[in-house]
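*Asks:* What follows is protein_30.csv, made up of CSV, C-alpha atoms:
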chain,number,residue,atom,x,y,z
U,1,MET,CA,19.0,-9.2,-2.7
U,2,GLN,CA,19.3,-8.1,0.9
U,3,ASN,CA,18.8,-4.5,-0.1
U,4,GLN,CA,15.7,-5.5,-2.0
U,5,ASN,CA,14.3,-7.3,1.0
U,6,ASN,CA,14.9,-4.3,3.2
U,7,LYS,CA,13.2,-2.1,0.6
U,8,TYR,CA,10.2,-4.4,0.5
U,9,GLN,CA,10.0,-4.8,4.3
U,10,LEU,CA,10.1,-1.0,4.8
U,11,LEU,CA,7.2,-0.6,2.3
U,12,ILE,CA,5.2,-3.4,3.9
U,13,GLU,CA,5.6,-1.8,7.3
U,14,GLU,CA,4.6,1.6,6.0
U,15,ALA,CA,1.5,0.2,4.2
U,16,CYS,CA,0.4,-1.9,7.1
U,17,GLY,CA,1.1,0.9,9.5
U,18,THR,CA,-1.4,3.2,7.9
U,19,LEU,CA,-4.4,0.9,8.6
U,20,GLY,CA,-6.7,2.2,11.2
U,21,LEU,CA,-5.1,5.6,11.5
U,22,SER,CA,-7.0,8.8,10.9
U,23,TYR,CA,-6.6,11.2,8.0
U,24,GLN,CA,-5.0,13.8,10.2
U,25,GLU,CA,-2.6,11.4,11.8
U,26,LEU,CA,-1.4,10.2,8.4
U,27,LYS,CA,-1.2,13.7,7.0
U,28,ASP,CA,1.0,14.6,9.9
U,29,LYS,CA,3.0,11.3,9.8
U,30,TYR,CA,4.1,11.9,6.1
U,31,LYS,CA,4.6,15.6,6.1
U,32,GLY,CA,8.4,15.0,5.4
U,33,HIS,CA,7.6,13.0,2.2
U,34,PRO,CA,6.2,14.2,-1.1
U,35,VAL,CA,2.5,13.9,-0.5
U,36,CYS,CA,-0.6,14.5,-2.6
U,37,LEU,CA,-3.9,15.1,-0.8
U,38,MET,CA,-7.1,14.5,-2.7
U,39,GLU,CA,-10.8,14.9,-2.1
U,40,TYR,CA,-13.5,13.5,-4.3
U,41,VAL,CA,-16.8,15.2,-3.8
U,42,GLU,CA,-20.0,14.0,-5.3
U,43,SER,CA,-23.6,14.4,-4.1
U,44,ASN,CA,-22.9,14.9,-0.4
U,45,THR,CA,-20.2,12.2,-0.5
U,46,CYS,CA,-16.6,13.2,0.2
U,47,GLU,CA,-13.8,10.7,-0.1
U,48,ARG,CA,-10.3,11.5,0.9
U,49,VAL,CA,-7.1,10.0,-0.5
U,50,ILE,CA,-3.5,10.5,0.5
U,51,GLU,CA,-0.7,9.5,-1.9
U,52,VAL,CA,2.8,9.2,-0.3
U,53,ARG,CA,5.8,9.0,-2.5
U,54,PHE,CA,8.9,6.9,-1.5
U,55,ASP,CA,11.6,8.1,-4.0
U,56,ASN,CA,14.4,5.9,-2.7
U,57,GLN,CA,12.2,2.8,-2.9
U,58,GLU,CA,10.7,3.9,-6.3
U,59,ALA,CA,7.2,3.3,-5.0
U,60,THR,CA,4.0,5.1,-4.0
U,61,ILE,CA,1.5,4.2,-1.3
U,62,THR,CA,-2.1,5.4,-1.8
U,63,ILE,CA,-4.2,5.5,1.3
U,64,THR,CA,-8.0,5.4,1.4
U,65,PHE,CA,-10.4,6.2,4.2
U,66,ASP,CA,-13.8,5.0,5.4
U,67,LYS,CA,-16.7,7.2,6.4
U,68,GLU,CA,-15.1,7.9,9.8
U,69,ASN,CA,-11.9,9.1,8.1
U,70,SER,CA,-10.0,6.1,9.3
U,71,CYS,CA,-7.7,4.3,6.9
U,72,ASP,CA,-9.4,1.2,5.6
U,73,ALA,CA,-6.9,0.2,2.9
U,74,SER,CA,-3.5,1.2,1.4
U,75,PHE,CA,-2.3,0.4,-2.1
U,76,LEU,CA,1.3,0.0,-3.0
U,77,PHE,CA,2.4,0.8,-6.5
U,78,TYR,CA,5.9,0.3,-7.9
U,79,ASP,CA,7.5,2.3,-10.6
U,80,ASN,CA,8.6,-0.7,-12.6
U,81,LEU,CA,7.6,-4.2,-13.5
U,82,ILE,CA,10.9,-5.7,-12.2
U,83,ASP,CA,10.1,-4.5,-8.7
U,84,GLU,CA,6.5,-5.8,-8.9
U,85,ASP,CA,7.8,-9.3,-9.9
U,86,SER,CA,10.5,-9.3,-7.3
U,87,PHE,CA,8.1,-8.2,-4.6
U,88,ILE,CA,5.8,-11.1,-5.4
U,89,GLU,CA,8.8,-13.4,-5.2
U,90,HIS,CA,9.7,-11.9,-1.8
U,91,LEU,CA,6.2,-12.4,-0.5
U,92,ASN,CA,6.1,-16.0,-1.7
U,93,GLU,CA,9.4,-16.8,0.0
U,94,ASN,CA,8.7,-15.0,3.3
U,95,THR,CA,5.0,-14.9,3.9
U,96,ASP,CA,2.2,-17.4,4.2
U,97,TYR,CA,-0.6,-17.3,1.6
U,98,ASP,CA,-4.3,-17.8,2.5
U,99,PHE,CA,-5.9,-19.3,-0.6
U,100,LYS,CA,-9.5,-18.8,0.8
U,101,ARG,CA,-8.8,-15.0,1.0
U,102,SER,CA,-6.5,-15.0,-2.0
U,103,SER,CA,-4.2,-13.0,0.2
U,104,TRP,CA,-0.8,-13.1,1.9
U,105,ILE,CA,-1.0,-13.0,5.7
U,106,MET,CA,1.0,-10.1,7.0
U,107,GLU,CA,1.7,-9.6,10.7
U,108,ASP,CA,-1.1,-7.1,11.2
U,109,CYS,CA,-3.1,-7.3,8.0
U,110,TYR,CA,-3.6,-9.0,4.7
U,111,LEU,CA,-2.2,-8.2,1.3
U,112,LYS,CA,-3.8,-9.1,-2.1
U,113,VAL,CA,-3.0,-8.2,-5.6
U,114,LYS,CA,-5.6,-6.1,-7.4
U,115,PRO,CA,-5.9,-7.1,-11.1
U,116,PRO,CA,-3.3,-5.0,-13.0
U,117,THR,CA,-4.5,-2.0,-15.0
U,118,LYS,CA,-3.0,-1.2,-18.3
U,119,TYR,CA,0.0,0.4,-16.6
U,120,GLU,CA,0.6,-1.1,-13.1
U,121,THR,CA,-0.3,-3.6,-10.5
U,122,ALA,CA,-1.8,-2.5,-7.1
U,123,PHE,CA,-0.9,-4.4,-3.9
U,124,CYS,CA,-3.8,-3.8,-1.5
U,125,PHE,CA,-3.2,-3.9,2.3
U,126,TYR,CA,-6.3,-4.4,4.4
U,127,LYS,CA,-7.6,-5.7,7.7
Turn this file's structure into structure tokens for me.
*Replies:*
Amino acid sequence: MQNQNNKYQLLIEEACGTLGLSYQELKDKYKGHPVCLMEYVESNTCERVIEVRFDNQEATITITFDKENSCDASFLFYDNLIDEDSFIEHLNENTDYDFKRSSWIMEDCYLKVKPPTKYETAFCFYK
């Protein structure tokens, strides 16, 4: 289980560490990882998204940005349900939960579970 805890801690640090950083800073930070850069453009509105793949941890972090191109949230997705369930167990054992916010209290941010889609659960990190 120690390896799993290390895996989860690394992903928590990565996801929390994105918050508040600029698009360019994050693009530079993850240039050694498989990365997908996306822009959604609609009626004078442009939204940027960065997806960073963590092959060894079998997970992806999706990073969203506010109007000032500063990261406002990051979403952790695991490749399989076993990791999702184990991650929740890890959080319950090692992190306090704020019932008013429906979120775990991380060192520098909060973490909540977004309702699962048909295929996966999103773990949302935010300030």
*Asks:* Can you tell me, as a list in words, what residues are no more than 12 Å from Cys109 of chain U when counting all atoms listed in the file, ignoring any on the same chain fewer than 5 positions away?
*Replies:*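 Once the adjacent positions are removed, what remains is Ile12, Glu13, Glu14, Ala15, Cys16, Gly17, Thr18, Leu19, Gly20, Asp72, Ala73, Ser74, Thr95, Asp98, Arg101, Ser103, Trp104, Cys124, Phe125, Tyr126 and Lys127 of chain U.
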*Asks:* Quick one: everything within 9 Å of Lys27 of chain U, counting all atoms listed in the file, minus sequence neighbours fewer than 5 positions away in the same chain. Send it as JSON, numbers by chain.
*Replies:* {"U": [22, 35, 37, 50]}
*Asks:* Do you know which residues are at most 12 Å from segment 38-45 of chain U counting only C-alpha atoms, after dropping those on the same chain fewer than 3 positions away, and could you put them as a list in words?
*Replies:*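 Neighbouring residues, sequence-local ones excluded: Tyr23, Lys27, Val35, Arg48, Val49, Ile50, Glu51, Val52, Thr62, Ile63, Thr64, Phe65, Asp66, Lys67 and Asn69 of chain U.
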*Asks:* Do a neighbour search on Glu58 of chain U at 8 Å with all atoms listed in the file, toss out local chain neighbours closer than 4 positions, and write the hits as a PDB file with C-alpha atoms, in the coordinates of the input.
*Replies:*
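Saved as out_0.pdb:
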ATOM      1  CA  PHE U  54       8.900   6.900  -1.500  1.00  0.00           C
ATOM      2  CA  TYR U  78       5.900   0.300  -7.900  1.00  0.00           C
ATOM      3  CA  ASP U  79       7.500   2.300 -10.600  1.00  0.00           C
TER       4      ASP U  79
END
*Asks:* Between atom CA of Glu25 of chain U and atom CA of Glu68 of chain U, what is the distance, to one decimal in Å?
*Replies:* 13.1 Å
*Asks:* One decimal, in Å: what's the spacing between atom CA of Gln57 of chain U and atom CA of Gln4 of chain U?
*Replies:*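 Computed distance, atom CA of Gln57 of chain U to atom CA of Gln4 of chain U, equals 9.1 Å.
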*Asks:* Residues within 10 Å of (0.6, -4.7, -3.4), file coordinates, counting all atoms listed in the file: what are they? Give the list as number ranges by chain.
*Replies:* U: 11-12, 15, 61, 74-78, 84, 87-88, 91, 111-114, 121-125
*Asks:* Measure the distance from atom CA of Asn92 of chain U to atom CA of Glu107 of chain U in Å and round it to one decimal.
*Replies:* 14.6 Å
*Asks:* So which one's closest to Met106 of chain U, U:Lys7, U:Asp83, U:Asn94, U:Cys71? Using only C-alpha atoms, please.
*Replies:*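 Of U:Lys7, U:Asp83, U:Asn94, U:Cys71, the one nearest Met106 of chain U is U:Asn94, counting only C-alpha atoms.
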